[in-house]
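K.L.:
A single structure is presented below for examination.
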Amino acid sequence: MANLFDVTPRAAGHVREQWAALSAPAPAAEVFAPAQTENLIAPVRAWLRHAIAEGTPLATTACLRMYGHIRIGTWRPFTATQLLAPGVGFIWAATAKMAGLPVVGYDRYVDGTGEMRWRIGGLIPVMSARGADVSASAAGRLAIESVFVPTAFRRAQWSSDDGAIHATWSIDEHRETVELDIGEDGRLRGAVMARWGNPDGLPYARYPFGVTFESEGRFAGITIPTRVRAGWWWRTDQQERGEFFRATVTAAAFR
């Protein structure tokens with residue numbers, strides 16, 4: 001699956017240089033040993049030992065291939081490839097369908113800047129957004145999606161408060177804290193956070209955001225979620241209304 005890193009998807013053509021830079025890190029030299037988790041909180045230790053096979057390289061970047069549905073008015077199918085480097089950046093490049101036409105583009109956080117850029121057929125603008133609020137929201141997304149690279153666990157600060165498990169990520173000037181839901185068997189069941197955004201057209205502020213993981217799979221010695229639901233208002237009575245993303249991960253590579 002290493003070639004996942006080496007092919008820039010068409011949807012990311014506008015940020016080809018950023019894609020190449022984000023996917024450039026050399027393969028990890030150090031490998032995972034259970035003893036590396038001894039000083040971590042017990043549930044985090046259980047998750048990492050469940051998620052990472054002994055001897056697996058401690059990768060800091062993932063490339064994921066997925067398909068699913070995203071709600072833009074109505075639920076619309078998409079396919080996507082994502083580069084994800086916890087604490088550093090991400091590019092989610094996708095093709096969706098709208099009125100039978102392909103909508104091509106990306107969401108990203110690279111070099112401290114967030115951006116959304118979507119075009120019908122890659123040409124006619126549908127949505128473009130950037131600025132401080134978009135960057136802050138994208139940093140929150142990067143933090144909560146970092147669970148897809150469990151081998152990058154050293155980049156987070158781990159803490160526990162009344163039984164809740166928190167991972168705090170320093171991402172440029174942003175500091176983002178994610179609460180993880182870890183089962184007794186070490187399986188990751190979901191995550192929530194107060195993420196910067198403007199759901200439902202509300203003023204920009206921090207609102208409940210979360211993900212639920214419905215299945216998992218192992219790729220190159222690393223177990224990650226493979227069926228994901230996500231949205232605003234997680235763990236509130238508005239969760240169903242706020243859900244806007246459902247995806248299945250079909251392939252993953254790490255370096």
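In the structure tokens, chains take letters A, B, ... by order of appearance, with residues numbered from 1 within each chain and ligands from 1 in the order shown.
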For Ala59 of chain A, list every protein, DNA or RNA residue within 10 Å, evaluated using only C-alpha atoms, and leave out those in the same chain fewer than 5 positions away; present the list as a PyMOL selection string.
P.N.:
chain A and resi 25-32+85+149-153+222+253-255
K.L.:
Next, write the just-selected residues to a file, as a PDB file, in the first residue's frame, keeping N, CA and C atoms as the atom set.
P.N.:
```
ATOM      1  N   PRO A  25       7.775  12.490   4.847  1.00  0.00           N
ATOM      2  CA  PRO A  25       8.608  11.950   5.926  1.00  0.00           C
ATOM      3  C   PRO A  25       9.133  10.551   5.620  1.00  0.00           C
ATOM      4  N   ALA A  26      10.371  10.326   6.009  1.00  0.00           N
ATOM      5  CA  ALA A  26      10.980   9.011   5.796  1.00  0.00           C
ATOM      6  C   ALA A  26      10.295   7.979   6.680  1.00  0.00           C
ATOM      7  N   PRO A  27      10.311   6.718   6.282  1.00  0.00           N
ATOM      8  CA  PRO A  27       9.730   5.663   7.118  1.00  0.00           C
ATOM      9  C   PRO A  27      10.319   5.679   8.522  1.00  0.00           C
ATOM     10  N   ALA A  28       9.462   5.395   9.521  1.00  0.00           N
ATOM     11  CA  ALA A  28       9.899   5.425  10.916  1.00  0.00           C
ATOM     12  C   ALA A  28      10.994   4.394  11.158  1.00  0.00           C
ATOM     13  N   ALA A  29      12.025   4.798  11.911  1.00  0.00           N
ATOM     14  CA  ALA A  29      13.122   3.886  12.218  1.00  0.00           C
ATOM     15  C   ALA A  29      12.832   3.083  13.484  1.00  0.00           C
ATOM     16  N   GLU A  30      12.174   3.712  14.474  1.00  0.00           N
ATOM     17  CA  GLU A  30      11.888   3.043  15.733  1.00  0.00           C
ATOM     18  C   GLU A  30      10.639   2.175  15.605  1.00  0.00           C
ATOM     19  N   VAL A  31      10.602   1.077  16.337  1.00  0.00           N
ATOM     20  CA  VAL A  31       9.443   0.184  16.293  1.00  0.00           C
ATOM     21  C   VAL A  31       8.771   0.148  17.657  1.00  0.00           C
ATOM     22  N   PHE A  32       7.523  -0.316  17.651  1.00  0.00           N
ATOM     23  CA  PHE A  32       6.715  -0.315  18.868  1.00  0.00           C
ATOM     24  C   PHE A  32       7.050  -1.490  19.770  1.00  0.00           C
ATOM     25  N   ALA A  85      -1.166  13.731   9.243  1.00  0.00           N
ATOM     26  CA  ALA A  85       0.039  13.755  10.071  1.00  0.00           C
ATOM     27  C   ALA A  85      -0.310  14.442  11.383  1.00  0.00           C
ATOM     28  N   VAL A 149      -3.815   7.466  13.488  1.00  0.00           N
ATOM     29  CA  VAL A 149      -2.368   7.199  13.485  1.00  0.00           C
ATOM     30  C   VAL A 149      -1.946   6.936  14.937  1.00  0.00           C
ATOM     31  N   PRO A 150      -2.366   5.824  15.523  1.00  0.00           N
ATOM     32  CA  PRO A 150      -2.041   5.573  16.933  1.00  0.00           C
ATOM     33  C   PRO A 150      -0.548   5.516  17.208  1.00  0.00           C
ATOM     34  N   THR A 151       0.252   5.196  16.190  1.00  0.00           N
ATOM     35  CA  THR A 151       1.706   5.137  16.355  1.00  0.00           C
ATOM     36  C   THR A 151       2.324   6.518  16.596  1.00  0.00           C
ATOM     37  N   ALA A 152       1.541   7.589  16.427  1.00  0.00           N
ATOM     38  CA  ALA A 152       2.026   8.947  16.701  1.00  0.00           C
ATOM     39  C   ALA A 152       1.642   9.391  18.112  1.00  0.00           C
ATOM     40  N   PHE A 153       1.401   8.437  19.029  1.00  0.00           N
ATOM     41  CA  PHE A 153       0.880   8.763  20.357  1.00  0.00           C
ATOM     42  C   PHE A 153       1.806   9.675  21.160  1.00  0.00           C
ATOM     43  N   ILE A 222      -1.188  -2.094  12.226  1.00  0.00           N
ATOM     44  CA  ILE A 222      -1.851  -1.007  12.945  1.00  0.00           C
ATOM     45  C   ILE A 222      -3.355  -1.149  12.792  1.00  0.00           C
ATOM     46  N   ALA A 253      -2.006   3.189   4.531  1.00  0.00           N
ATOM     47  CA  ALA A 253      -0.551   3.012   4.526  1.00  0.00           C
ATOM     48  C   ALA A 253       0.030   3.993   5.527  1.00  0.00           C
ATOM     49  N   PHE A 254       1.207   3.653   6.067  1.00  0.00           N
ATOM     50  CA  PHE A 254       1.816   4.453   7.119  1.00  0.00           C
ATOM     51  C   PHE A 254       3.301   4.632   6.836  1.00  0.00           C
ATOM     52  N   ARG A 255       3.815   5.811   7.268  1.00  0.00           N
ATOM     53  CA  ARG A 255       5.271   6.016   7.207  1.00  0.00           C
ATOM     54  C   ARG A 255       5.673   7.072   8.231  1.00  0.00           C
TER      55      ARG A 255
END
```
K.L.:
Out of segment 118-202 of chain A, which residues get helix (DSSP H, G or I) from DSSP, as a list of chain:residue names?
P.N.:
A:Ala132, A:Asp133, A:Val134, A:Ser135, A:Ala136, A:Ser137, A:Ala138, A:Ala139, A:Gly140, A:Arg141, A:Leu142, A:Ala143, A:Ile144, A:Glu145, A:Ser146, A:Val147, A:Phe148, A:Pro150, A:Thr151, A:Ala152, A:Phe153, A:Arg154, A:Arg155, A:Pro199, A:Asp200, A:Gly201
K.L.:
Can you spit out the residues from that selection as a short mmCIF file (atom, residue, chain, number, x, y, z; two decimals), in the first residue's frame, using N, CA and C atoms?
P.N.:
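The new file selection.cif reads:
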```cif
data_model
loop_
_atom_site.label_atom_id
_atom_site.label_comp_id
_atom_site.auth_asym_id
_atom_site.auth_seq_id
_atom_site.Cartn_x
_atom_site.Cartn_y
_atom_site.Cartn_z
N ALA A 132 -8.91 32.75 9.61
CA ALA A 132 -8.61 32.32 10.97
C ALA A 132 -9.62 31.31 11.50
N ASP A 133 -10.92 31.53 11.24
CA ASP A 133 -11.94 30.61 11.75
C ASP A 133 -11.85 29.25 11.08
N VAL A 134 -11.64 29.25 9.77
CA VAL A 134 -11.50 27.98 9.04
C VAL A 134 -10.25 27.23 9.53
N SER A 135 -9.17 27.95 9.78
CA SER A 135 -7.95 27.31 10.26
C SER A 135 -8.15 26.71 11.64
N ALA A 136 -8.84 27.42 12.53
CA ALA A 136 -9.08 26.91 13.88
C ALA A 136 -9.96 25.67 13.84
N SER A 137 -10.97 25.67 12.99
CA SER A 137 -11.84 24.50 12.86
C SER A 137 -11.08 23.31 12.29
N ALA A 138 -10.23 23.58 11.30
CA ALA A 138 -9.44 22.50 10.69
C ALA A 138 -8.44 21.92 11.68
N ALA A 139 -7.88 22.74 12.56
CA ALA A 139 -6.97 22.23 13.58
C ALA A 139 -7.70 21.28 14.52
N GLY A 140 -8.96 21.60 14.85
CA GLY A 140 -9.75 20.70 15.67
C GLY A 140 -10.01 19.38 14.97
N ARG A 141 -10.30 19.45 13.69
CA ARG A 141 -10.50 18.21 12.93
C ARG A 141 -9.23 17.37 12.93
N LEU A 142 -8.08 18.00 12.73
CA LEU A 142 -6.82 17.26 12.75
C LEU A 142 -6.63 16.56 14.09
N ALA A 143 -6.96 17.24 15.17
CA ALA A 143 -6.77 16.65 16.50
C ALA A 143 -7.63 15.40 16.68
N ILE A 144 -8.91 15.48 16.34
CA ILE A 144 -9.79 14.35 16.60
C ILE A 144 -9.52 13.19 15.64
N GLU A 145 -9.04 13.48 14.43
CA GLU A 145 -8.76 12.42 13.48
C GLU A 145 -7.37 11.79 13.68
N SER A 146 -6.59 12.33 14.61
CA SER A 146 -5.27 11.78 14.86
C SER A 146 -5.31 10.36 15.41
N VAL A 147 -6.48 9.91 15.86
CA VAL A 147 -6.60 8.52 16.33
C VAL A 147 -6.36 7.53 15.20
N PHE A 148 -6.40 7.98 13.95
CA PHE A 148 -6.12 7.09 12.83
C PHE A 148 -4.62 6.80 12.68
N PRO A 150 -2.37 5.82 15.52
CA PRO A 150 -2.04 5.57 16.93
C PRO A 150 -0.55 5.52 17.21
N THR A 151 0.25 5.20 16.19
CA THR A 151 1.71 5.14 16.35
C THR A 151 2.32 6.52 16.60
N ALA A 152 1.54 7.59 16.43
CA ALA A 152 2.03 8.95 16.70
C ALA A 152 1.64 9.39 18.11
N PHE A 153 1.40 8.44 19.03
CA PHE A 153 0.88 8.76 20.36
C PHE A 153 1.81 9.68 21.16
N ARG A 154 3.09 9.68 20.86
CA ARG A 154 4.02 10.52 21.62
C ARG A 154 3.86 12.01 21.31
N ARG A 155 3.15 12.34 20.25
CA ARG A 155 2.97 13.75 19.90
C ARG A 155 1.86 14.41 20.73
N PRO A 199 -21.68 25.53 13.21
CA PRO A 199 -22.76 24.63 12.76
C PRO A 199 -24.10 25.34 12.74
N ASP A 200 -24.92 24.98 11.75
CA ASP A 200 -26.26 25.57 11.61
C ASP A 200 -26.21 27.08 11.43
N GLY A 201 -25.08 27.61 10.97
CA GLY A 201 -24.97 29.05 10.74
C GLY A 201 -24.82 29.88 12.00
#
```
K.L.:
Which residues, written as a list of chain:residue names, have at least one atom at most 9 Å from Gly242 of chain A, with only C-alpha atoms counted and residues fewer than 5 positions away on the same chain left out?
P.N.:
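Final neighbour list, sorted by chain and number: A:Pro199, A:Asp200, A:Phe209, A:Ala230, A:Gly231, A:Trp232, A:Trp233, A:Trp234.
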K.L.:
Limited to C-alpha atoms, could you put the picked residues into a file as a tab-separated table (two decimals), in the first residue's frame?
P.N.:
```
chain	number	residue	atom	x	y	z
A	199	PRO	CA	-22.76	24.63	12.76
A	200	ASP	CA	-26.26	25.57	11.61
A	209	PHE	CA	-18.32	17.62	17.86
A	230	ALA	CA	-19.24	12.08	12.63
A	231	GLY	CA	-20.97	15.38	13.20
A	232	TRP	CA	-21.83	18.30	15.43
A	233	TRP	CA	-23.81	18.13	18.68
A	234	TRP	CA	-22.37	14.71	19.56
```
K.L.:
Rounded to one decimal, what separation in Å do you get between atom CA of Leu58 of chain A and atom CA of Val110 of chain A?
P.N.:
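If I compute the distance from atom CA of Leu58 of chain A to atom CA of Val110 of chain A, I get 21.9 Å.
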K.L.:
Report, in Å with one decimal, the straight-line distance from atom CA of Trp19 of chain A to atom CA of Val7 of chain A.
P.N.:
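Atom-to-atom, atom CA of Trp19 of chain A to atom CA of Val7 of chain A, that is 9.4 Å.
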K.L.:
Given only C-alpha atoms as the basis, pick out the residue of A:Arg227, A:Arg10, A:His69, A:Lys97 nearest to Leu188 of chain A.
P.N.:
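Result for the nearest residue to Leu188 of chain A: A:Arg227.
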K.L.:
Report as a JSON list (two decimals) with C-alpha atoms, in the first residue's frame all protein, DNA and RNA residues lying within 9 Å of Arg49 of chain A, evaluated on only C-alpha atoms, omitting residues in the same chain fewer than 6 positions from it.
P.N.:
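File out_5.json, as written:
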```
[["chain", "number", "residue", "atom", "x", "y", "z"],
["A", 33, "ALA", "CA", 7.30, -2.19, 22.10],
["A", 34, "PRO", "CA", 4.59, -2.48, 24.80],
["A", 37, "THR", "CA", 3.40, 2.74, 27.06],
["A", 186, "GLY", "CA", -8.69, -1.51, 24.39]]
```
